[in-house]
Amino acid sequence: MGKRLTQEEFVQKVNDKYNGKFEVVGEYIDALTPIKIKHKSCGTVFPRRPNAVTSKSKSTYCPVCDGYSSKTPLIGIND
């Protein structure tokens, strides 16, 4: 089992992986508790599990700009 990241460590991992494309606007609790992420280009805020955001084998996409079909619809955006 890996060590739990701090808020700052998680934010740094997101910035490093996505080159500042996304901003972490929620509070990091643990790897499985969804956190709010903001797409800087369009301003859309959406929830994602932190382990999916920082995974080496997965990428995070904006549900509005990239047409990503989210399992959890965003009210007023893709519901």
# chains A, B, ... in the order shown; residues from 1 in each chain; ligands from 1
>>> select_by_dssp(residues="chain A", states="strand (DSSP E)", output="NGL selection string")
:A and (22-24 or 35-39 or 45-48)
>>> write_last_selection(atoms="all heavy atoms", output="CSV table (one decimal), in the first residue's frame")
chain,number,residue,atom,x,y,z
A,22,PHE,N,-5.6,21.3,-16.2
A,22,PHE,CA,-6.6,21.2,-15.2
A,22,PHE,C,-6.2,21.8,-13.9
A,22,PHE,O,-5.0,21.9,-13.6
A,22,PHE,CB,-7.0,19.7,-14.9
A,22,PHE,CG,-7.6,19.1,-16.1
A,22,PHE,CD1,-6.8,18.2,-16.9
A,22,PHE,CD2,-8.9,19.3,-16.5
A,22,PHE,CE1,-7.3,17.6,-18.0
A,22,PHE,CE2,-9.4,18.6,-17.6
A,22,PHE,CZ,-8.7,17.8,-18.4
A,23,GLU,N,-7.2,22.3,-13.1
A,23,GLU,CA,-6.9,22.9,-11.8
A,23,GLU,C,-7.7,22.0,-10.7
A,23,GLU,O,-8.9,21.7,-11.0
A,23,GLU,CB,-7.4,24.3,-11.7
A,23,GLU,CG,-7.2,25.0,-10.4
A,23,GLU,CD,-7.8,26.4,-10.4
A,23,GLU,OE1,-8.1,26.9,-11.5
A,23,GLU,OE2,-7.9,27.0,-9.3
A,24,VAL,N,-7.1,21.7,-9.7
A,24,VAL,CA,-7.7,21.0,-8.6
A,24,VAL,C,-8.5,22.0,-7.7
A,24,VAL,O,-7.8,22.9,-7.2
A,24,VAL,CB,-6.7,20.2,-7.7
A,24,VAL,CG1,-7.4,19.5,-6.6
A,24,VAL,CG2,-6.0,19.2,-8.6
A,35,ILE,N,-12.9,14.0,-6.3
A,35,ILE,CA,-12.5,15.4,-6.1
A,35,ILE,C,-12.9,16.2,-7.3
A,35,ILE,O,-12.9,15.7,-8.4
A,35,ILE,CB,-10.9,15.4,-5.9
A,35,ILE,CG1,-10.5,16.8,-5.4
A,35,ILE,CG2,-10.2,15.0,-7.1
A,35,ILE,CD1,-9.0,16.8,-4.9
A,36,LYS,N,-13.1,17.5,-7.1
A,36,LYS,CA,-13.5,18.4,-8.2
A,36,LYS,C,-12.3,18.9,-8.9
A,36,LYS,O,-11.4,19.4,-8.3
A,36,LYS,CB,-14.4,19.5,-7.7
A,36,LYS,CG,-15.7,19.1,-7.2
A,36,LYS,CD,-16.6,20.2,-6.8
A,36,LYS,CE,-18.0,19.7,-6.3
A,36,LYS,NZ,-18.8,20.8,-5.9
A,37,ILE,N,-12.4,18.8,-10.2
A,37,ILE,CA,-11.3,19.2,-11.1
A,37,ILE,C,-11.9,20.3,-12.1
A,37,ILE,O,-13.0,20.1,-12.5
A,37,ILE,CB,-10.8,18.0,-12.0
A,37,ILE,CG1,-10.3,16.8,-11.1
A,37,ILE,CG2,-9.7,18.4,-12.9
A,37,ILE,CD1,-9.1,17.1,-10.3
A,38,LYS,N,-11.2,21.3,-12.4
A,38,LYS,CA,-11.6,22.4,-13.3
A,38,LYS,C,-10.8,22.4,-14.5
A,38,LYS,O,-9.6,22.4,-14.5
A,38,LYS,CB,-11.5,23.7,-12.6
A,38,LYS,CG,-12.0,24.9,-13.4
A,38,LYS,CD,-11.8,26.2,-12.7
A,38,LYS,CE,-12.3,27.4,-13.5
A,38,LYS,NZ,-12.1,28.6,-12.7
A,39,HIS,N,-11.5,22.4,-15.7
A,39,HIS,CA,-10.8,22.5,-17.0
A,39,HIS,C,-10.6,24.0,-17.2
A,39,HIS,O,-11.5,24.8,-17.3
A,39,HIS,CB,-11.6,21.9,-18.1
A,39,HIS,CG,-10.9,21.9,-19.4
A,39,HIS,ND1,-11.6,22.2,-20.6
A,39,HIS,CD2,-9.7,21.7,-19.7
A,39,HIS,CE1,-10.7,22.1,-21.6
A,39,HIS,NE2,-9.6,21.8,-21.1
A,45,VAL,N,-16.3,22.4,-14.2
A,45,VAL,CA,-15.8,21.7,-13.0
A,45,VAL,C,-16.6,20.4,-12.9
A,45,VAL,O,-17.8,20.3,-13.1
A,45,VAL,CB,-16.2,22.6,-11.7
A,45,VAL,CG1,-15.8,21.8,-10.4
A,45,VAL,CG2,-15.5,23.9,-11.7
A,46,PHE,N,-15.8,19.3,-12.7
A,46,PHE,CA,-16.4,18.0,-12.8
A,46,PHE,C,-15.7,17.1,-11.8
A,46,PHE,O,-14.5,17.3,-11.4
A,46,PHE,CB,-16.3,17.4,-14.2
A,46,PHE,CG,-14.9,17.4,-14.8
A,46,PHE,CD1,-14.1,16.3,-14.7
A,46,PHE,CD2,-14.4,18.5,-15.4
A,46,PHE,CE1,-12.8,16.3,-15.2
A,46,PHE,CE2,-13.2,18.5,-16.0
A,46,PHE,CZ,-12.3,17.4,-15.8
A,47,PRO,N,-16.4,16.1,-11.2
A,47,PRO,CA,-15.7,15.2,-10.3
A,47,PRO,C,-15.0,14.0,-10.9
A,47,PRO,O,-15.4,13.5,-12.0
A,47,PRO,CB,-17.0,14.6,-9.5
A,47,PRO,CG,-18.0,14.6,-10.5
A,47,PRO,CD,-17.8,15.8,-11.4
A,48,ARG,N,-13.9,13.6,-10.3
A,48,ARG,CA,-13.1,12.5,-10.8
A,48,ARG,C,-12.4,11.8,-9.6
A,48,ARG,O,-12.1,12.5,-8.6
A,48,ARG,CB,-12.0,12.9,-11.8
A,48,ARG,CG,-12.4,13.3,-13.1
A,48,ARG,CD,-12.9,12.0,-13.9
A,48,ARG,NE,-13.3,12.4,-15.2
A,48,ARG,CZ,-14.5,12.7,-15.6
A,48,ARG,NH1,-15.5,12.8,-14.7
A,48,ARG,NH2,-14.8,13.0,-16.8
>>> closest_residue(among="A:Arg4, A:Ser57, A:Val11, A:Asn51", to="Val25 in chain A", atoms="only C-alpha atoms")
A:Val11
>>> residues_around(residues="Leu5 in chain A", least_positions_apart="6", cutoff="10 Å", atoms="only C-alpha atoms", output="PDB file with C-alpha atoms, in the first residue's frame")
ATOM      1  CA  VAL A  11      -1.976  19.127  -7.040  1.00  0.00           C
ATOM      2  CA  LYS A  13       1.035  15.411  -9.745  1.00  0.00           C
ATOM      3  CA  TYR A  28      -7.945  15.719  -1.654  1.00  0.00           C
ATOM      4  CA  ILE A  29      -9.081  13.124   0.890  1.00  0.00           C
ATOM      5  CA  ASP A  30      -7.807   9.832  -0.506  1.00  0.00           C
ATOM      6  CA  ALA A  31      -7.289   8.046  -3.827  1.00  0.00           C
TER       7      ALA A  31
END
>>> residues_around(residues="Asp66 in chain A", least_positions_apart="5", cutoff="12 Å", atoms="only C-alpha atoms", output="count of residues only")
8
>>> atom_distance(atom1="CA of Val64 in chain A", atom2="CA of Gly26 in chain A")
19.0 Å
>>> select_by_dssp(residues="chain A", states="alpha helix (DSSP H)", output="PyMOL selection string")
chain A and resi 7-18+50-54
>>> residues_around(residues="Lys58 in chain A", least_positions_apart="4", cutoff="12 Å", atoms="only C-alpha atoms", output="PyMOL selection string")
chain A and resi 17-18+48-54
>>> atom_distance(atom1="CA of Cys65 in chain A", atom2="CA of Lys40 in chain A")
10.9 Å
>>> decode(residues="range 49-64 of chain A", atoms="all heavy atoms", output="mmCIF file, in the first residue's frame")
data_model
loop_
_atom_site.group_PDB
_atom_site.id
_atom_site.type_symbol
_atom_site.label_atom_id
_atom_site.label_comp_id
_atom_site.auth_asym_id
_atom_site.auth_seq_id
_atom_site.Cartn_x
_atom_site.Cartn_y
_atom_site.Cartn_z
ATOM 1 N N ARG A 49 -12.232 10.547 -9.655
ATOM 2 C CA ARG A 49 -11.486 9.858 -8.599
ATOM 3 C C ARG A 49 -10.009 10.192 -8.771
ATOM 4 O O ARG A 49 -9.472 10.092 -9.875
ATOM 5 C CB ARG A 49 -11.707 8.364 -8.681
ATOM 6 C CG ARG A 49 -13.075 7.979 -8.176
ATOM 7 C CD ARG A 49 -13.360 6.517 -8.089
ATOM 8 N NE ARG A 49 -12.199 5.655 -8.116
ATOM 9 C CZ ARG A 49 -12.237 4.381 -8.453
ATOM 10 N NH1 ARG A 49 -13.365 3.814 -8.788
ATOM 11 N NH2 ARG A 49 -11.148 3.657 -8.466
ATOM 12 N N PRO A 50 -9.336 10.594 -7.699
ATOM 13 C CA PRO A 50 -7.931 10.974 -7.797
ATOM 14 C C PRO A 50 -7.030 9.900 -8.399
ATOM 15 O O PRO A 50 -6.113 10.222 -9.160
ATOM 16 C CB PRO A 50 -7.539 11.263 -6.344
ATOM 17 C CG PRO A 50 -8.805 11.733 -5.737
ATOM 18 C CD PRO A 50 -9.876 10.876 -6.368
ATOM 19 N N ASN A 51 -7.289 8.622 -8.093
ATOM 20 C CA ASN A 51 -6.428 7.583 -8.657
ATOM 21 C C ASN A 51 -6.582 7.481 -10.169
ATOM 22 O O ASN A 51 -5.655 7.091 -10.867
ATOM 23 C CB ASN A 51 -6.646 6.238 -7.975
ATOM 24 C CG ASN A 51 -8.034 5.671 -8.175
ATOM 25 O OD1 ASN A 51 -8.948 6.363 -8.618
ATOM 26 N ND2 ASN A 51 -8.199 4.411 -7.822
ATOM 27 N N ALA A 52 -7.725 7.859 -10.710
ATOM 28 C CA ALA A 52 -7.914 7.859 -12.165
ATOM 29 C C ALA A 52 -7.239 9.074 -12.801
ATOM 30 O O ALA A 52 -6.725 8.987 -13.913
ATOM 31 C CB ALA A 52 -9.399 7.850 -12.504
ATOM 32 N N VAL A 53 -7.219 10.187 -12.091
ATOM 33 C CA VAL A 53 -6.608 11.411 -12.618
ATOM 34 C C VAL A 53 -5.095 11.267 -12.723
ATOM 35 O O VAL A 53 -4.487 11.693 -13.698
ATOM 36 C CB VAL A 53 -6.965 12.627 -11.722
ATOM 37 C CG1 VAL A 53 -6.220 13.875 -12.169
ATOM 38 C CG2 VAL A 53 -8.457 12.878 -11.731
ATOM 39 N N THR A 54 -4.477 10.644 -11.735
ATOM 40 C CA THR A 54 -3.016 10.541 -11.707
ATOM 41 C C THR A 54 -2.474 9.230 -12.259
ATOM 42 O O THR A 54 -1.268 9.062 -12.348
ATOM 43 C CB THR A 54 -2.494 10.741 -10.275
ATOM 44 O OG1 THR A 54 -3.073 9.759 -9.419
ATOM 45 C CG2 THR A 54 -2.817 12.136 -9.763
ATOM 46 N N SER A 55 -3.338 8.312 -12.664
ATOM 47 C CA SER A 55 -2.913 7.021 -13.194
ATOM 48 C C SER A 55 -2.058 7.189 -14.450
ATOM 49 O O SER A 55 -2.335 8.021 -15.305
ATOM 50 C CB SER A 55 -4.146 6.176 -13.540
ATOM 51 O OG SER A 55 -3.776 5.023 -14.235
ATOM 52 N N LYS A 56 -1.027 6.375 -14.548
ATOM 53 C CA LYS A 56 -0.157 6.415 -15.728
ATOM 54 C C LYS A 56 -0.860 5.860 -16.966
ATOM 55 O O LYS A 56 -0.551 6.248 -18.075
ATOM 56 C CB LYS A 56 1.127 5.631 -15.463
ATOM 57 C CG LYS A 56 2.028 6.286 -14.452
ATOM 58 C CD LYS A 56 3.274 5.481 -14.210
ATOM 59 C CE LYS A 56 4.108 6.157 -13.140
ATOM 60 N NZ LYS A 56 5.298 5.383 -12.811
ATOM 61 N N SER A 57 -1.835 4.971 -16.762
ATOM 62 C CA SER A 57 -2.490 4.329 -17.902
ATOM 63 C C SER A 57 -3.804 4.988 -18.310
ATOM 64 O O SER A 57 -4.410 4.594 -19.295
ATOM 65 C CB SER A 57 -2.750 2.859 -17.571
ATOM 66 O OG SER A 57 -3.643 2.752 -16.481
ATOM 67 N N LYS A 58 -4.256 5.999 -17.557
ATOM 68 C CA LYS A 58 -5.517 6.669 -17.875
ATOM 69 C C LYS A 58 -5.282 8.163 -18.035
ATOM 70 O O LYS A 58 -4.337 8.708 -17.510
ATOM 71 C CB LYS A 58 -6.543 6.455 -16.754
ATOM 72 C CG LYS A 58 -6.962 5.027 -16.571
ATOM 73 C CD LYS A 58 -7.973 4.903 -15.460
ATOM 74 C CE LYS A 58 -8.376 3.455 -15.242
ATOM 75 N NZ LYS A 58 -9.321 3.315 -14.143
ATOM 76 N N SER A 59 -6.188 8.805 -18.750
ATOM 77 C CA SER A 59 -6.148 10.253 -18.900
ATOM 78 C C SER A 59 -7.499 10.834 -18.514
ATOM 79 O O SER A 59 -8.525 10.191 -18.635
ATOM 80 C CB SER A 59 -5.836 10.648 -20.337
ATOM 81 O OG SER A 59 -4.501 10.382 -20.635
ATOM 82 N N THR A 60 -7.480 12.071 -18.069
ATOM 83 C CA THR A 60 -8.704 12.779 -17.729
ATOM 84 C C THR A 60 -9.042 13.716 -18.875
ATOM 85 O O THR A 60 -8.158 14.361 -19.432
ATOM 86 C CB THR A 60 -8.519 13.570 -16.422
ATOM 87 O OG1 THR A 60 -8.378 12.619 -15.365
ATOM 88 C CG2 THR A 60 -9.699 14.464 -16.129
ATOM 89 N N TYR A 61 -10.321 13.761 -19.223
ATOM 90 C CA TYR A 61 -10.804 14.612 -20.298
ATOM 91 C C TYR A 61 -11.914 15.506 -19.769
ATOM 92 O O TYR A 61 -12.641 15.130 -18.869
ATOM 93 C CB TYR A 61 -11.365 13.769 -21.449
ATOM 94 C CG TYR A 61 -10.362 12.814 -22.029
ATOM 95 C CD1 TYR A 61 -10.322 11.489 -21.624
ATOM 96 C CD2 TYR A 61 -9.452 13.251 -22.973
ATOM 97 C CE1 TYR A 61 -9.390 10.610 -22.149
ATOM 98 C CE2 TYR A 61 -8.519 12.373 -23.505
ATOM 99 C CZ TYR A 61 -8.487 11.055 -23.094
ATOM 100 O OH TYR A 61 -7.567 10.199 -23.617
ATOM 101 N N CYS A 62 -12.056 16.678 -20.369
ATOM 102 C CA CYS A 62 -13.163 17.560 -20.025
ATOM 103 C C CYS A 62 -14.435 16.977 -20.632
ATOM 104 O O CYS A 62 -14.478 16.707 -21.834
ATOM 105 C CB CYS A 62 -12.916 18.962 -20.571
ATOM 106 S SG CYS A 62 -14.312 20.076 -20.319
ATOM 107 N N PRO A 63 -15.496 16.785 -19.837
ATOM 108 C CA PRO A 63 -16.722 16.197 -20.371
ATOM 109 C C PRO A 63 -17.435 17.107 -21.375
ATOM 110 O O PRO A 63 -18.248 16.642 -22.154
ATOM 111 C CB PRO A 63 -17.589 15.966 -19.135
ATOM 112 C CG PRO A 63 -17.040 16.875 -18.105
ATOM 113 C CD PRO A 63 -15.585 17.049 -18.413
ATOM 114 N N VAL A 64 -17.120 18.385 -21.397
ATOM 115 C CA VAL A 64 -17.744 19.313 -22.330
ATOM 116 C C VAL A 64 -16.897 19.448 -23.594
ATOM 117 O O VAL A 64 -17.365 19.191 -24.704
ATOM 118 C CB VAL A 64 -17.954 20.700 -21.680
ATOM 119 C CG1 VAL A 64 -18.465 21.700 -22.692
ATOM 120 C CG2 VAL A 64 -18.911 20.589 -20.510
#
